[in-house]
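Colleague: My structure is in data-v5.cif, and what it holds is mmCIF, C-alpha atoms and all ligand atoms:
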data_data
loop_
_atom_site.label_atom_id
_atom_site.label_comp_id
_atom_site.auth_asym_id
_atom_site.auth_seq_id
_atom_site.Cartn_x
_atom_site.Cartn_y
_atom_site.Cartn_z
CA MET A 16 0.00 0.00 0.00
CA SER A 17 1.35 3.45 -0.87
CA ILE A 18 2.05 5.93 1.91
CA ASN A 19 0.03 9.16 1.91
CA LYS A 20 2.68 11.87 2.29
CA ASP A 21 0.08 14.45 3.47
CA ILE A 22 -0.50 12.55 6.70
CA LYS A 23 1.88 13.54 9.49
CA ARG A 24 3.34 10.45 11.17
CA ILE A 25 3.25 10.13 14.95
CA THR A 26 6.73 9.48 16.32
CA THR A 27 8.27 8.63 19.67
CA GLU A 28 8.97 12.37 20.00
CA THR A 29 5.24 13.10 19.53
CA LEU A 30 4.48 10.78 22.45
CA ARG A 31 7.14 12.48 24.60
CA LEU A 32 5.57 15.87 23.86
CA MET A 33 2.08 14.52 24.58
CA LYS A 34 3.17 13.64 28.12
CA PHE A 35 4.73 17.07 28.49
CA GLU A 36 1.52 18.75 27.23
CA ASN A 37 -0.73 16.54 29.36
CA LYS A 38 -2.42 14.95 26.32
CA LYS A 39 -3.41 11.30 26.77
CA ILE A 40 -1.98 8.66 24.43
CA ALA A 41 -4.37 6.06 22.92
CA MET A 42 -2.83 2.74 21.89
CA LEU A 43 -4.39 -0.54 20.69
CA THR A 44 -2.98 -3.80 19.42
CA SER A 45 -3.38 -5.01 15.85
CA TYR A 46 -1.93 -8.00 14.09
CA ASP A 47 -3.27 -7.82 10.53
CA PHE A 48 -3.76 -5.38 7.65
CA THR A 49 -7.55 -5.00 7.73
CA MET A 50 -7.80 -4.37 11.47
CA ALA A 51 -4.78 -2.04 11.48
CA GLN A 52 -6.33 0.02 8.69
CA MET A 53 -9.49 0.61 10.77
CA VAL A 54 -7.53 1.26 13.96
CA ASP A 55 -5.28 3.78 12.21
CA LYS A 56 -8.27 5.51 10.57
CA GLY A 57 -9.94 5.66 13.99
CA GLY A 58 -7.21 8.06 15.08
CA ILE A 59 -5.11 5.84 17.31
CA ASP A 60 -1.70 7.27 18.32
CA ALA A 61 0.18 3.98 18.38
CA ILE A 62 -0.43 0.36 17.37
CA LEU A 63 1.21 -2.42 19.33
CA VAL A 64 1.84 -5.57 17.32
CA GLY A 65 1.71 -7.47 20.59
CA ASP A 66 2.85 -11.00 21.22
CA SER A 67 -0.75 -11.39 22.43
CA ALA A 68 -1.10 -12.45 18.76
CA SER A 69 -0.05 -15.80 20.20
CA ASN A 70 -3.35 -15.95 22.15
CA VAL A 71 -5.67 -13.91 19.95
CA MET A 72 -4.60 -14.94 16.45
CA ALA A 73 -3.13 -18.41 17.03
CA GLY A 74 -5.19 -19.67 19.98
CA HIS A 75 -2.26 -20.49 22.27
CA GLU A 76 -2.82 -20.36 26.02
CA THR A 77 0.18 -18.03 26.59
CA THR A 78 2.35 -15.59 24.65
CA LEU A 79 5.37 -17.89 24.86
CA PRO A 80 5.03 -19.98 21.67
CA ILE A 81 4.98 -17.15 19.11
CA THR A 82 8.20 -16.93 17.07
CA LEU A 83 10.22 -14.01 15.74
CA ASP A 84 9.28 -14.94 12.15
CA GLN A 85 5.58 -14.94 13.09
CA MET A 86 5.89 -11.55 14.82
CA ILE A 87 7.60 -10.14 11.73
CA TYR A 88 4.79 -11.46 9.52
CA HIS A 89 2.15 -9.74 11.70
CA ALA A 90 4.22 -6.54 11.86
CA GLN A 91 4.63 -6.42 8.06
CA SER A 92 0.85 -6.61 7.62
CA VAL A 93 0.23 -3.82 10.17
CA VAL A 94 2.94 -1.54 8.75
CA ARG A 95 1.36 -1.82 5.27
CA ALA A 96 -1.88 -0.44 6.75
CA ALA A 97 -0.71 2.19 9.24
CA GLN A 98 -0.52 5.60 7.59
CA ARG A 99 -0.44 7.83 10.63
CA CYS A 100 0.25 6.01 13.87
CA LEU A 101 3.48 4.77 15.42
CA VAL A 102 3.94 0.99 15.09
CA VAL A 103 5.61 -0.82 18.00
CA VAL A 104 6.40 -4.55 17.85
CA ASP A 105 6.91 -6.97 20.74
CA LEU A 106 10.16 -8.90 20.88
CA PRO A 107 8.85 -12.43 21.53
CA PHE A 108 9.89 -14.72 24.38
CA GLY A 109 13.39 -16.16 23.99
CA THR A 110 14.69 -13.55 21.54
CA TYR A 111 16.31 -11.08 23.94
CA GLN A 112 16.78 -12.52 27.45
CA SER A 113 19.86 -14.69 26.90
CA ASP A 114 22.36 -12.17 25.56
CA PRO A 115 22.43 -8.56 24.36
CA GLN A 116 23.79 -9.36 20.90
CA LYS A 117 20.91 -11.78 20.30
CA ALA A 118 18.50 -9.09 21.53
CA LEU A 119 19.94 -6.58 19.06
CA ASP A 120 19.87 -9.11 16.20
CA SER A 121 16.17 -9.81 16.95
CA ALA A 122 15.30 -6.10 17.10
CA VAL A 123 17.21 -5.41 13.88
CA ARG A 124 15.29 -8.18 12.08
CA ILE A 125 11.99 -6.65 13.20
CA MET A 126 12.98 -3.15 12.09
CA LYS A 127 14.53 -4.20 8.75
CA GLU A 128 12.02 -6.85 7.68
CA SER A 129 8.78 -5.20 8.85
CA GLY A 130 9.42 -1.46 8.60
CA ALA A 131 8.04 -0.93 12.13
CA HIS A 132 9.14 2.09 14.15
CA ALA A 133 10.02 0.64 17.57
CA VAL A 134 10.20 -2.54 19.62
CA LYS A 135 8.77 -3.44 23.03
CA ILE A 136 10.55 -5.63 25.56
CA GLU A 137 9.39 -7.05 28.93
CA GLY A 138 11.40 -6.56 32.14
CA GLY A 139 13.71 -4.19 34.01
CA GLU A 140 17.09 -4.60 35.75
CA GLU A 141 17.53 -8.23 34.60
CA ILE A 142 17.53 -7.29 30.89
CA LYS A 143 19.24 -3.89 31.10
CA LYS A 144 22.19 -4.93 28.91
CA SER A 145 19.83 -6.04 26.14
CA ILE A 146 17.89 -2.78 26.34
CA SER A 147 21.09 -0.70 26.17
CA LYS A 148 22.41 -2.66 23.22
CA ILE A 149 19.19 -2.07 21.24
CA VAL A 150 18.85 1.61 22.21
CA ASN A 151 22.52 2.26 21.38
CA ALA A 152 21.91 0.88 17.89
CA GLY A 153 19.35 3.64 17.36
CA ILE A 154 16.24 1.50 17.77
CA PRO A 155 13.49 3.02 19.94
CA VAL A 156 12.53 0.73 22.82
CA MET A 157 9.29 0.68 24.81
CA GLY A 158 9.61 -1.03 28.22
CA HIS A 159 6.98 -3.21 29.89
CA LEU A 160 6.69 -3.67 33.69
CA GLY A 161 4.18 -5.11 36.15
CA LEU A 162 2.39 -8.16 34.81
CA THR A 163 4.76 -9.30 32.08
CA PRO A 164 2.93 -12.21 30.39
CA GLN A 165 6.14 -13.84 29.09
CA SER A 166 6.95 -14.60 32.79
CA ILE A 167 3.58 -16.21 33.48
CA TYR A 168 5.10 -19.54 34.54
CA GLN A 169 7.25 -17.73 37.10
CA PHE A 170 4.28 -15.67 38.41
CA GLY A 171 1.90 -18.65 38.26
CA THR A 172 -1.11 -16.34 37.89
CA TYR A 173 -2.42 -13.34 35.90
CA LYS A 174 -3.39 -11.49 39.14
CA VAL A 175 -2.49 -7.85 39.87
CA ARG A 176 1.27 -7.35 40.41
CA ALA A 177 3.26 -5.15 42.79
CA LYS A 178 0.67 -4.99 45.59
CA GLU A 179 3.42 -5.70 48.11
CA LYS A 180 5.91 -3.01 49.12
CA ASP A 181 9.07 -4.76 47.88
CA GLU A 182 7.71 -5.51 44.42
CA ALA A 183 6.27 -1.99 44.16
CA GLN A 184 9.66 -0.48 45.10
CA LYS A 185 11.44 -2.65 42.51
CA LEU A 186 8.94 -1.56 39.88
CA ILE A 187 9.57 2.13 40.63
CA GLU A 188 13.33 1.55 40.41
CA ASP A 189 12.95 -0.45 37.18
CA ALA A 190 10.87 2.36 35.61
CA ARG A 191 13.60 4.89 36.47
CA LEU A 192 16.21 2.53 35.07
CA LEU A 193 14.29 2.12 31.80
CA GLU A 194 14.20 5.89 31.45
CA GLU A 195 17.95 6.12 32.15
CA LEU A 196 18.67 3.40 29.59
CA GLY A 197 16.88 5.46 26.95
CA CYS A 198 13.47 3.77 26.60
CA PHE A 199 10.98 6.20 25.03
CA ALA A 200 7.93 4.90 26.98
CA VAL A 201 6.90 2.12 29.33
CA VAL A 202 3.82 -0.09 29.52
CA LEU A 203 2.52 -0.66 33.07
CA GLU A 204 0.34 -3.77 33.14
CA LYS A 205 -2.09 -4.73 35.91
CA ILE A 206 -0.67 -2.85 38.88
CA PRO A 207 -2.46 -0.75 41.55
CA ALA A 208 -3.61 2.65 40.28
CA ASP A 209 -1.78 4.59 42.99
CA LEU A 210 1.50 2.86 42.16
CA ALA A 211 1.03 3.65 38.45
CA GLN A 212 0.38 7.28 39.39
CA LYS A 213 3.60 7.38 41.43
CA VAL A 214 5.63 5.87 38.58
CA THR A 215 4.09 8.29 36.08
CA ALA A 216 5.03 11.28 38.23
CA SER A 217 8.56 10.05 38.81
CA ILE A 218 9.71 9.64 35.19
CA GLN A 219 9.74 11.96 32.17
CA ILE A 220 8.90 9.27 29.58
CA PRO A 221 5.23 8.38 28.95
CA THR A 222 3.60 5.52 30.86
CA ILE A 223 0.97 3.50 28.97
CA GLY A 224 -1.34 1.58 31.28
CA ILE A 225 -3.37 -1.59 30.88
CA GLY A 226 -5.24 -2.32 34.09
CA ALA A 227 -3.17 0.40 35.78
CA GLY A 228 -5.88 3.01 36.42
CA PRO A 229 -6.38 6.51 35.03
CA HIS A 230 -3.28 8.33 36.31
CA VAL A 231 -0.98 7.24 33.51
CA ASP A 232 -0.04 9.04 30.29
CA GLY A 233 -1.97 6.69 28.01
CA GLN A 234 -3.95 3.47 27.74
CA VAL A 235 -3.49 0.31 25.71
CA LEU A 236 -5.96 -2.55 25.16
CA VAL A 237 -5.98 -5.66 23.02
CA VAL A 238 -8.24 -4.65 20.14
CA HIS A 239 -10.07 -8.00 20.00
CA ASP A 240 -10.92 -7.62 23.71
CA MET A 241 -12.29 -4.07 23.43
CA LEU A 242 -14.37 -5.07 20.40
CA GLY A 243 -15.84 -8.01 22.33
CA MET A 244 -14.45 -10.67 19.98
CA THR A 245 -12.67 -12.63 22.73
CA PHE A 246 -15.95 -13.25 24.55
CA GLU A 247 -14.70 -15.24 27.52
CA PHE A 248 -12.01 -12.72 28.56
CA LYS A 249 -13.56 -10.07 30.81
CA PRO A 250 -11.08 -8.72 33.36
CA ARG A 251 -12.20 -5.76 35.48
CA PHE A 252 -9.99 -3.28 33.60
CA LEU A 253 -11.48 -4.10 30.19
CA ARG A 254 -14.12 -1.84 28.65
CA GLN A 255 -15.93 -3.61 25.79
CA TYR A 256 -17.04 -1.11 23.13
CA MET A 257 -18.88 -3.70 21.04
CA ASN A 258 -20.00 -7.30 21.23
CA LEU A 259 -18.59 -8.44 17.91
CA HIS A 260 -18.48 -12.07 19.01
CA ASP A 261 -22.30 -12.20 19.15
CA GLU A 262 -22.75 -9.95 16.11
CA ILE A 263 -20.41 -11.99 13.90
CA THR A 264 -21.84 -15.31 15.08
CA ALA A 265 -25.38 -14.06 14.34
CA ALA A 266 -24.32 -12.84 10.88
CA VAL A 267 -22.75 -16.22 10.10
CA GLN A 268 -25.93 -18.00 11.26
CA LYS A 269 -28.00 -15.77 8.99
CA TYR A 270 -25.68 -16.48 6.03
CA VAL A 271 -25.87 -20.24 6.67
CA ASN A 272 -29.68 -20.05 6.74
CA ASP A 273 -29.77 -17.92 3.57
CA VAL A 274 -27.53 -20.38 1.68
CA LYS A 275 -29.45 -23.43 2.82
CA SER A 276 -32.86 -21.89 2.09
CA GLN A 277 -31.55 -20.65 -1.31
CA GLU A 278 -32.41 -17.08 -0.31
CA PHE A 279 -28.79 -16.17 -1.19
CA PRO A 280 -27.77 -15.26 -3.87
CA ASN A 281 -30.82 -13.44 -5.26
CA GLU A 282 -31.33 -12.04 -8.80
CA LYS A 283 -29.28 -8.92 -8.12
CA GLU A 284 -26.42 -10.91 -6.69
CA GLN A 285 -25.60 -12.81 -9.91
CA TYR A 286 -24.25 -12.12 -13.42
O1 LIG A 301 1.08 -8.25 23.73
C1 LIG A 301 0.30 -7.39 24.14
O2 LIG A 301 -0.83 -7.26 23.69
C2 LIG A 301 0.76 -6.51 25.21
C3 LIG A 301 -0.25 -5.59 25.81
C4 LIG A 301 -1.12 -6.33 26.73
C5 LIG A 301 0.39 -4.42 26.46
O3 LIG A 301 1.89 -6.56 25.60
#
Turn this file's structure into structure tokens for me.
Ligand code: KIV

Modeller:
Amino acid sequence: MSINKDIKRITTETLRLMKFENKKIAMLTSYDFTMAQMVDKGGIDAILVGDSASNVMAGHETTLPITLDQMIYHAQSVVRAAQRCLVVVDLPFGTYQSDPQKALDSAVRIMKESGAHAVKIEGGEEIKKSISKIVNAGIPVMGHLGLTPQSIYQFGTYKVRAKEKDEAQKLIEDARLLEELGCFAVVLEKIPADLAQKVTASIQIPTIGIGAGPHVDGQVLVVHDMLGMTFEFKPRFLRQYMNLHDEITAAVQKYVNDVKSQEFPNEKEQY
């Protein structure tokens, strides 16, 4: 798809200024061309090609199985559609934790092969060398703290994180570290609202919350969740703007009935 040069692209610098000017940042996930086109047209500031594609698109129980090649495929489809928004892509599990050079190689593949604008990476202190290596290569990095789904087997549950003092303190320190390392923003997932507020006030880079309350610089949701397509997933933080699961199922039922009763196609729907 050709790029419309009249549309001004949102950059990491735009997001930095939005925090400074107290303007909220709206972010959603997308994994394919058609959805990303609608999300971009809807005026979103940033699309996350999340590794939640592993759950939403592929039906896995966790985000762990998705591969770098699969993430690049999803990212390529989204980049073809996104005319205006910033496109951020998750580095999948196993592509950045073991050593910084591997982390950089993974990030470079995403940037070169998909044309995305930034990568996202889960964790703080324990992956600081990988973050530095990527940032120093000129690749914008978004951090991700709190509930980090790639660590689900260590956590053992998807419950709210950092309710206890020690974990909350580590999260504040990690957020400051991410800023120091040069991350341009940080996702705060499923943490108490007052902690998210404290983190947001203590760093200059934007915080993007999911289940982190209102006192953050922006919000992110999984697009299939907010459209009501993933019908069984209804955490407290999720606002469903549609019930597409029921609407699509009903439309399919109607189509099946129309085909079987020979009501479709009619005279106007043939050559
Ligand atoms: O993969 C994803 O969708 C995410 C969001 C939940 C922030 O990381």

Colleague: May I have the residues within 10 Å of ligand LIG 301 (chain A), computed using only C-alpha atoms and all ligand atoms, as a ChimeraX atom specification?

Modeller: /A:42-46,62-71,78,104-107,135-137,158-160,162-165,201-205,223-226,234-239

Colleague: Please, what distance in Å, to one decimal, runs between atom CA of Thr49 of chain A and atom CA of Arg95 of chain A?

Modeller: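 Spanning atom CA of Thr49 of chain A to atom CA of Arg95 of chain A is a straight-line distance of 9.8 Å.
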
Colleague: At a cut-off of 8 Å from (7.5, -4.6, 8.5) in the coordinates of the file, what residues are picked up using only C-alpha atoms, written as a CSV table (one decimal) with C-alpha atoms, in the frame of the given file?

Modeller:
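What landed in part-v3.csv:
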chain,number,residue,atom,x,y,z
A,87,ILE,CA,7.6,-10.1,11.7
A,88,TYR,CA,4.8,-11.5,9.5
A,90,ALA,CA,4.2,-6.5,11.9
A,91,GLN,CA,4.6,-6.4,8.1
A,92,SER,CA,0.8,-6.6,7.6
A,93,VAL,CA,0.2,-3.8,10.2
A,94,VAL,CA,2.9,-1.5,8.8
A,95,ARG,CA,1.4,-1.8,5.3
A,125,ILE,CA,12.0,-6.6,13.2
A,126,MET,CA,13.0,-3.2,12.1
A,127,LYS,CA,14.5,-4.2,8.8
A,128,GLU,CA,12.0,-6.8,7.7
A,129,SER,CA,8.8,-5.2,8.8
A,130,GLY,CA,9.4,-1.5,8.6
A,131,ALA,CA,8.0,-0.9,12.1

Colleague: Rounded to one decimal place, report the atom CA of Leu119 of chain A-atom CA of Ser145 of chain A distance in Å.

Modeller: 7.1 Å

Colleague: Which of these, A:Phe108, A:Ile25, A:Gln184, A:Glu278, has the shortest distance to Pro80 of chain A once you count all atoms listed in the file?

Modeller: A:Phe108
